[in-house]
Structure formats: C-alpha cells, structure tokens
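A.B. asks: Sharing input04.cif, mmCIF, C-alpha atoms and all ligand atoms:
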data_structure
#
loop_
_atom_site.label_atom_id
_atom_site.label_comp_id
_atom_site.auth_asym_id
_atom_site.auth_seq_id
_atom_site.Cartn_x
_atom_site.Cartn_y
_atom_site.Cartn_z
CA MET F 157 254.82 -96.52 104.06
CA GLY F 158 254.98 -100.23 104.35
CA VAL F 159 254.05 -103.34 106.26
CA PRO F 160 256.09 -102.46 109.41
CA ASP F 161 254.28 -99.09 109.74
CA TRP F 162 250.94 -100.83 109.30
CA MET F 163 251.83 -103.40 111.96
CA ARG F 164 253.03 -100.75 114.42
CA MET F 165 249.80 -98.77 114.00
CA THR F 166 247.73 -101.92 114.36
CA ALA F 167 249.57 -102.95 117.53
CA ALA F 168 248.99 -99.47 118.99
CA VAL F 169 245.22 -99.44 118.35
CA LEU F 170 244.84 -103.00 119.61
CA GLU F 171 246.65 -102.04 122.79
CA ARG F 172 244.40 -98.96 123.10
CA ASP F 173 241.22 -101.00 122.44
CA ARG F 174 242.27 -104.18 124.27
CA ASP F 175 239.68 -103.76 127.05
CA ARG F 176 236.88 -102.85 124.62
CA LEU F 177 237.58 -105.99 122.55
CA ASN F 178 237.76 -108.12 125.71
CA ARG F 179 234.38 -106.74 126.82
CA LEU F 180 232.81 -107.41 123.42
CA ASP F 181 234.12 -110.98 123.63
CA ALA F 182 232.92 -111.31 127.24
CA ASP F 183 229.36 -110.60 126.01
CA ILE F 184 229.27 -113.50 123.52
CA GLY F 185 232.49 -115.48 124.09
CA ASP F 186 235.21 -115.93 126.69
CA GLY F 187 236.47 -112.37 127.06
CA ASP F 188 239.98 -112.82 125.68
CA HIS F 189 239.89 -111.37 122.16
CA GLY F 190 241.52 -108.05 123.08
CA ALA F 191 244.25 -109.76 125.07
CA ASN F 192 244.84 -112.33 122.30
CA MET F 193 245.17 -109.66 119.61
CA ALA F 194 247.26 -107.23 121.63
CA ARG F 195 249.66 -110.04 122.57
CA GLY F 196 249.96 -111.24 118.97
CA PHE F 197 250.61 -107.86 117.40
CA ALA F 198 253.04 -106.87 120.15
CA ALA F 199 255.00 -109.99 119.19
CA VAL F 200 254.79 -109.03 115.51
CA VAL F 201 256.21 -105.56 116.22
CA ALA F 202 258.91 -106.91 118.52
CA ARG F 203 260.05 -109.24 115.77
CA MET F 204 260.02 -106.46 113.14
CA ASP F 205 261.84 -103.86 115.20
CA GLY F 206 265.39 -103.62 113.96
CA ALA F 207 264.80 -106.04 111.08
CA PRO F 208 265.97 -104.77 107.68
CA GLU F 209 263.29 -103.84 105.13
CA ASP F 210 262.30 -106.86 103.10
CA HIS F 211 259.95 -107.91 100.32
CA PRO F 212 256.41 -107.21 101.61
CA ALA F 213 255.49 -110.85 101.00
CA THR F 214 258.32 -111.98 103.28
CA GLU F 215 257.25 -109.49 105.94
CA LEU F 216 253.58 -110.49 105.71
CA ARG F 217 254.42 -114.18 105.89
CA ALA F 218 256.43 -113.56 109.06
CA VAL F 219 253.47 -111.64 110.50
CA GLY F 220 251.17 -114.59 109.75
CA MET F 221 253.54 -117.11 111.32
CA THR F 222 253.95 -114.95 114.43
CA LEU F 223 250.18 -114.57 114.82
CA LEU F 224 249.71 -118.32 114.37
CA SER F 225 252.08 -118.99 117.24
CA THR F 226 251.07 -116.17 119.62
CA VAL F 227 247.37 -115.23 119.28
CA GLY F 228 245.82 -118.61 120.07
CA GLY F 229 242.09 -119.32 120.14
CA ALA F 230 240.01 -119.09 117.00
CA ALA F 231 241.46 -115.79 115.88
CA GLY F 232 245.13 -116.90 115.75
CA PRO F 233 244.81 -119.36 112.86
CA LEU F 234 242.31 -117.07 111.10
CA TYR F 235 244.50 -113.96 111.18
CA GLY F 236 247.49 -116.19 110.42
CA SER F 237 245.71 -117.34 107.26
CA PHE F 238 244.84 -113.73 106.45
CA PHE F 239 248.48 -112.59 106.38
CA ILE F 240 249.82 -115.75 104.75
CA GLY F 241 247.17 -115.37 102.02
CA MET F 242 248.21 -111.76 101.52
CA ALA F 243 251.86 -112.78 101.34
CA THR F 244 251.20 -115.42 98.71
CA ALA F 245 249.36 -112.94 96.48
CA LEU F 246 252.09 -110.30 96.79
CA ARG F 247 254.82 -112.83 96.07
CA GLU F 248 253.22 -113.19 92.63
CA ALA F 249 253.48 -109.41 92.09
CA GLY F 250 257.22 -109.68 91.38
CA PRO F 251 260.54 -108.99 93.11
CA GLU F 252 259.89 -105.33 93.90
CA PRO F 253 256.14 -104.89 93.79
CA GLU F 254 254.71 -101.42 93.73
CA LEU F 255 251.99 -101.48 96.37
CA GLY F 256 249.14 -99.72 94.61
CA ALA F 257 245.39 -100.20 94.84
CA PRO F 258 245.30 -103.16 92.38
CA GLU F 259 248.09 -105.04 94.21
CA TRP F 260 246.51 -104.37 97.60
CA ALA F 261 243.10 -105.44 96.26
CA ALA F 262 244.52 -108.74 95.01
CA ALA F 263 246.28 -109.25 98.35
CA LEU F 264 243.16 -108.49 100.39
CA SER F 265 241.16 -110.89 98.23
CA ALA F 266 243.66 -113.66 98.91
CA ALA F 267 243.67 -112.77 102.60
CA VAL F 268 239.89 -113.02 102.90
CA ALA F 269 239.91 -116.24 100.88
CA GLY F 270 242.47 -117.60 103.38
CA VAL F 271 240.23 -116.72 106.32
CA GLN F 272 237.20 -118.32 104.68
CA ARG F 273 239.09 -121.44 103.68
CA ARG F 274 240.24 -121.85 107.26
CA GLY F 275 237.04 -120.92 109.10
CA ARG F 276 234.29 -121.75 106.60
CA ALA F 277 232.31 -118.66 107.62
CA GLU F 278 230.10 -116.79 105.16
CA PRO F 279 228.85 -113.22 105.42
CA GLY F 280 225.96 -113.15 107.89
CA ASP F 281 227.51 -115.72 110.27
CA LYS F 282 228.53 -112.92 112.69
CA THR F 283 232.31 -113.19 112.40
CA MET F 284 235.26 -111.18 111.15
CA VAL F 285 234.15 -112.20 107.64
CA ASP F 286 231.29 -109.69 107.98
CA ALA F 287 233.86 -106.90 108.14
CA LEU F 288 236.39 -108.39 105.72
CA VAL F 289 234.14 -109.22 102.77
CA PRO F 290 232.67 -105.68 102.44
CA ALA F 291 236.21 -104.30 102.80
CA ARG F 292 237.43 -106.52 99.98
CA GLU F 293 234.48 -105.47 97.80
CA ALA F 294 235.09 -101.78 98.48
CA LEU F 295 238.81 -102.03 97.67
CA ASP F 296 238.11 -104.06 94.51
CA ALA F 297 235.62 -101.42 93.35
CA ALA F 298 238.02 -98.58 94.14
CA ALA F 299 240.89 -100.30 92.29
CA ALA F 300 238.64 -100.93 89.27
CA ASP F 301 237.76 -97.20 89.25
CA GLY F 302 241.44 -96.26 89.24
CA ALA F 303 241.34 -94.81 92.77
CA SER F 304 244.55 -94.20 94.71
CA LEU F 305 245.63 -96.73 97.33
CA ALA F 306 244.90 -94.18 100.08
CA ASP F 307 241.32 -93.67 98.84
CA GLY F 308 240.81 -97.39 98.29
CA LEU F 309 241.97 -98.27 101.79
CA ARG F 310 239.80 -95.53 103.29
CA ALA F 311 236.79 -97.01 101.47
CA ALA F 312 237.78 -100.47 102.68
CA ALA F 313 238.08 -99.28 106.30
CA GLU F 314 234.68 -97.59 106.15
CA ALA F 315 233.11 -100.72 104.67
CA ALA F 316 234.70 -102.86 107.40
CA GLU F 317 233.42 -100.54 110.13
CA ARG F 318 229.91 -100.64 108.66
CA GLY F 319 230.09 -104.41 108.29
CA ALA F 320 231.21 -104.78 111.90
CA LEU F 321 228.28 -102.68 113.15
CA GLU F 322 225.94 -104.77 111.02
CA THR F 323 226.92 -107.87 113.02
CA ILE F 324 225.00 -106.51 116.04
CA PRO F 325 221.57 -107.94 115.19
CA LEU F 326 222.96 -111.19 113.77
CA VAL F 327 222.78 -114.63 115.39
CA ALA F 328 226.24 -116.26 115.44
CA ARG F 329 226.63 -119.39 113.35
CA LYS F 330 230.41 -119.90 113.77
CA GLY F 331 232.85 -119.90 116.66
CA ARG F 332 232.27 -119.72 120.37
CA ALA F 333 229.43 -117.15 120.08
CA SER F 334 227.37 -119.72 118.15
CA TYR F 335 226.97 -121.74 121.38
CA LEU F 336 224.69 -118.91 122.60
CA GLY F 337 222.27 -119.29 119.69
CA GLU F 338 219.67 -116.49 119.64
CA ARG F 339 221.25 -114.90 122.72
CA SER F 340 224.23 -113.84 120.58
CA ALA F 341 221.99 -111.28 118.85
CA GLY F 342 222.28 -107.68 120.05
CA HIS F 343 226.09 -107.73 120.41
CA LEU F 344 228.88 -106.58 118.13
CA ASP F 345 231.20 -109.40 117.08
CA PRO F 346 234.69 -108.86 118.54
CA GLY F 347 236.54 -110.34 115.55
CA ALA F 348 234.63 -108.08 113.15
CA ALA F 349 235.63 -105.15 115.39
CA SER F 350 239.33 -106.12 115.32
CA SER F 351 239.23 -106.58 111.53
CA ALA F 352 237.83 -103.06 111.19
CA LEU F 353 240.71 -101.77 113.35
CA LEU F 354 243.23 -103.61 111.17
CA LEU F 355 241.86 -102.01 108.00
CA ARG F 356 241.57 -98.55 109.57
CA ALA F 357 245.25 -98.85 110.53
CA ALA F 358 246.07 -99.75 106.90
CA ALA F 359 244.17 -96.66 105.69
CA GLU F 360 246.20 -94.56 108.12
CA ALA F 361 249.52 -96.23 107.28
CA TRP F 362 249.07 -95.68 103.52
CA GLY F 363 247.01 -92.48 103.77
CA GLU F 364 248.38 -89.33 102.18
P1 LIG I 1 238.23 -117.69 120.97
O1 LIG I 1 236.78 -117.66 120.54
O2 LIG I 1 238.86 -119.00 120.70
O3 LIG I 1 238.42 -117.20 122.37
P2 LIG I 1 238.96 -115.08 119.98
O4 LIG I 1 238.13 -114.56 121.11
O5 LIG I 1 240.35 -114.55 119.91
O6 LIG I 1 239.01 -116.66 119.99
O7 LIG I 1 238.25 -114.73 118.59
C1 LIG I 1 236.86 -114.74 118.45
C2 LIG I 1 236.51 -114.20 117.06
O8 LIG I 1 236.94 -115.10 116.05
C3 LIG I 1 235.02 -114.06 116.84
O9 LIG I 1 234.55 -112.82 117.29
C4 LIG I 1 234.86 -114.21 115.34
O10 LIG I 1 234.92 -112.96 114.65
C5 LIG I 1 236.09 -115.00 114.94
N1 LIG I 1 235.73 -116.34 114.50
C6 LIG I 1 235.46 -117.42 115.27
N2 LIG I 1 235.21 -118.49 114.49
C7 LIG I 1 235.33 -118.06 113.20
C8 LIG I 1 235.22 -118.69 111.91
N3 LIG I 1 234.93 -120.00 111.78
N4 LIG I 1 235.41 -117.93 110.80
C9 LIG I 1 235.71 -116.63 110.91
N5 LIG I 1 235.84 -115.98 112.08
C10 LIG I 1 235.65 -116.68 113.21
MG MG I 2 237.60 -115.30 122.89
MG MG I 3 239.60 -117.93 123.96
#
Would you encode the structure as structure tokens?
Ligand code: ADP
Ligand code: MG
Ligand code: MG
C.D. replies:
Amino acid sequence: MGVPDWMRMTAAVLERDRDRLNRLDADIGDGDHGANMARGFAAVVARMDGAPEDHPATELRAVGMTLLSTVGGAAGPLYGSFFIGMATALREAGPEPELGAPEWAAALSAAVAGVQRRGRAEPGDKTMVDALVPAREALDAAAADGASLADGLRAAAEAAERGALETIPLVARKGRASYLGERSAGHLDPGAASSALLLRAAAEAWGE
C-alpha cells in the first residue's frame, strides 16, 4: 500500500461525502468545503493515474502542489501545507524509506506543523487542527509503544473522529466560521470532518 492507494480512497470518500461536507460548511461558512475537497482530490488522482511509482516524498509533494492549485479557499493552502510538510519529513527518511509507524508519525507531525504554521490555529479554535492534533498524538503514542502502522493509523483515525465531534460545542476563532462568533457553536467544523476522513482513508489504505 502506498500514497496513490491512500489518495484514491480519500478521493472516493470525499466524493461520497461531498454533500455532507457542503452542508456542514453551509451551517457556519459558505457551503463549498465538500466541493472544494472533492475537486482537489479528483485532480490529485487524475494526476497520479498512470504515473510510475515514485519516492513517497515526491508523490506527497505533488499532492500538496495539486491541492494548492485546485482546492482554493482556506482549505487549499492548509491541506497543501499538510502534504508538503509530510513530504519534507519523508525525504529525510532516505532514498527508499520503509513506511512504518515511526516514519508515518514523523511525517504526520511535520504535516500538522505545516498546517499550524500556515493557519496559526491552536486546538480549541474549531478547525481541522482539532482533528489533526489528537491524531498526531495518537500515532506518536502508538509508534512509541512499538505498534504496527495499521494499528497506529487506526488509533489516529479514531482520535481524529473524536476530535472532529468535539468541535461541535466550540466557538470558532479562525476562518470564515469565526465571523459568526457564538453562533458557530453547536455545529461540527467541516475541515475537522474532512481531516477525519483523510486519516480514516489512511487507516484503510495501510490496514492489514
Ligand atoms: P473557505 O472557508 O475559504 O470557504 P473551506 O470551506 O474549503 O474554505 O474550508 C473551511 C475549513 O478550513 C474550516 O472548516 C476549518 O477547518 C479550516 N480552516 C479555516 N481557517 C483555518 C485556519 N486558520 N487554520 C486551520 N484550519 C482552518
Ligand atoms: Mg467554505
Ligand atoms: Mg469558500
């Protein structure tokens, strides 16, 4: 299993959940998050189809660049930074990195750092960071315990799903939803929901 499988699974779930993500974004934003994400990942898959297998860092960097140029809005640069951060970390893992739990944990850390450097959101601000930070912590803990990549990614996906649900009562402090102030409370953040889908797809792509 590799990056192309992960991207194909992500594109499929984003297509499936496009309307749900649009509706979540309509509640506290402008209603385009599902369309933005489905368009971006369809472009990622179109670019990967037929391409020869490459170093995962090269593949992830191409994903990031494609998302930067196709997703638009707030999420495009943020997910672009996610994948470019991941790519940079994996580049340091050598010419033919074995993608195990420790390598994935280092890559996810760099990815989340990239998102936070770009968007300046902290946990509790009601953004994708509320799904990504718990996922990073869960994968770090699993890797430190010597867990398999499949188990680590399952723990990360569960943590992301929990973190996304925990955005419901929060008041948004970043992005478009923050314009609503207190009225943003009571709604699930769409970017946290899409981050949970991304990590669930990783758990499925690398699951045994
Ligand atoms: P736009 O708001 O420009 O229409 P999207 O709807 O595609 O963009 O994405 C909205 C999502 O982006 C939000 O649900 C939130 O999770 C995420 N987001 C917005 N601003 C930030 C930020 N500064 N840091 C992290 N995530 C953010
Ligand atoms: Mg939007
Ligand atoms: Mg928009």
A.B. asks: Nearest to F:Thr226: which of F:Ala287, F:Ala298, F:Ala341, F:Ala198 is it, counting all atoms listed in the file?
C.D. replies: F:Ala198
A.B. asks: Pull the closest atom pair for each residue of chain F that gets at most 6 Å from ligand MG 2 (chain I), along with the distance in Å to one decimal, counting only C-alpha atoms and all ligand atoms, ordering rows by chain and then ascending residue number, as a Markdown table.
C.D. replies:
| residue | atom | partner | partner_atom | distance |
| --- | --- | --- | --- | --- |
| F:Asp181 | CA | I:MG2 | MG | 5.6 |
| F:Gly185 | CA | I:MG2 | MG | 5.3 |
| F:Asp186 | CA | I:MG2 | MG | 4.5 |
| F:Gly187 | CA | I:MG2 | MG | 5.2 |
| F:Asp188 | CA | I:MG2 | MG | 4.4 |
| F:His189 | CA | I:MG2 | MG | 4.6 |
A.B. asks: List all protein, DNA and RNA residues that have at least one atom no more than 9 Å from any atom of ligand LIG 1 (chain I), counting all atoms listed in the file, and write them as a PyMOL selection string.
C.D. replies: chain F and resi 177-178+180-182+184-193+227-232+234-235+271-278+281-287+328-334+344-351
A.B. asks: Atom CA of F:Val219 to atom CA of F:Asp161: how many Å, to one decimal?
C.D. replies: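 A separation of 12.6 Å between them.
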A.B. asks: Determine, counting all atoms listed in the file, which protein, DNA and RNA residues have an atom within 10 Å of an atom of F:Glu364; residues of the same chain fewer than 4 positions away are not included. Present the result as a count of residues only.
C.D. replies: 7
A.B. asks: Give me, as a Markdown table, each residue of stretch 176-235 of chain F that comes within 6 Å of stretch 239-263 of chain F, together with its shortest interatomic pair and the distance in Å at one decimal, counting all atoms listed in the file, with rows ordered by chain and rising residue number.
C.D. replies:
| residue | atom | partner | partner_atom | distance |
| --- | --- | --- | --- | --- |
| F:Ala213 | CA | F:Ala243 | CA | 4.1 |
| F:Leu216 | CA | F:Ala243 | CA | 5.2 |
| F:Arg217 | CA | F:Ile240 | CA | 5.0 |
| F:Gly220 | CA | F:Phe239 | CA | 4.8 |
A.B. asks: One decimal, Å: what's the distance from atom CA of F:Glu209 over to atom CA of F:Trp162, could you say?
C.D. replies: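 Going from atom CA of F:Glu209 over to atom CA of F:Trp162, I get 13.4 Å.
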A.B. asks: What's around F:Gly158 at 8 Å? Count only C-alpha atoms, leave out sequence neighbours fewer than 6 positions away in its own chain, and write the answer as a PyMOL selection string.
C.D. replies: chain F and resi 212+361-362
A.B. asks: Keeping C-alpha atoms, export the residues of the selection given above as a tab-separated table (two decimals), in the coordinates of the input.
C.D. replies:
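What landed in selection09.tsv:
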chain	number	residue	atom	x	y	z
F	212	PRO	CA	256.41	-107.21	101.61
F	361	ALA	CA	249.52	-96.23	107.28
F	362	TRP	CA	249.07	-95.68	103.52
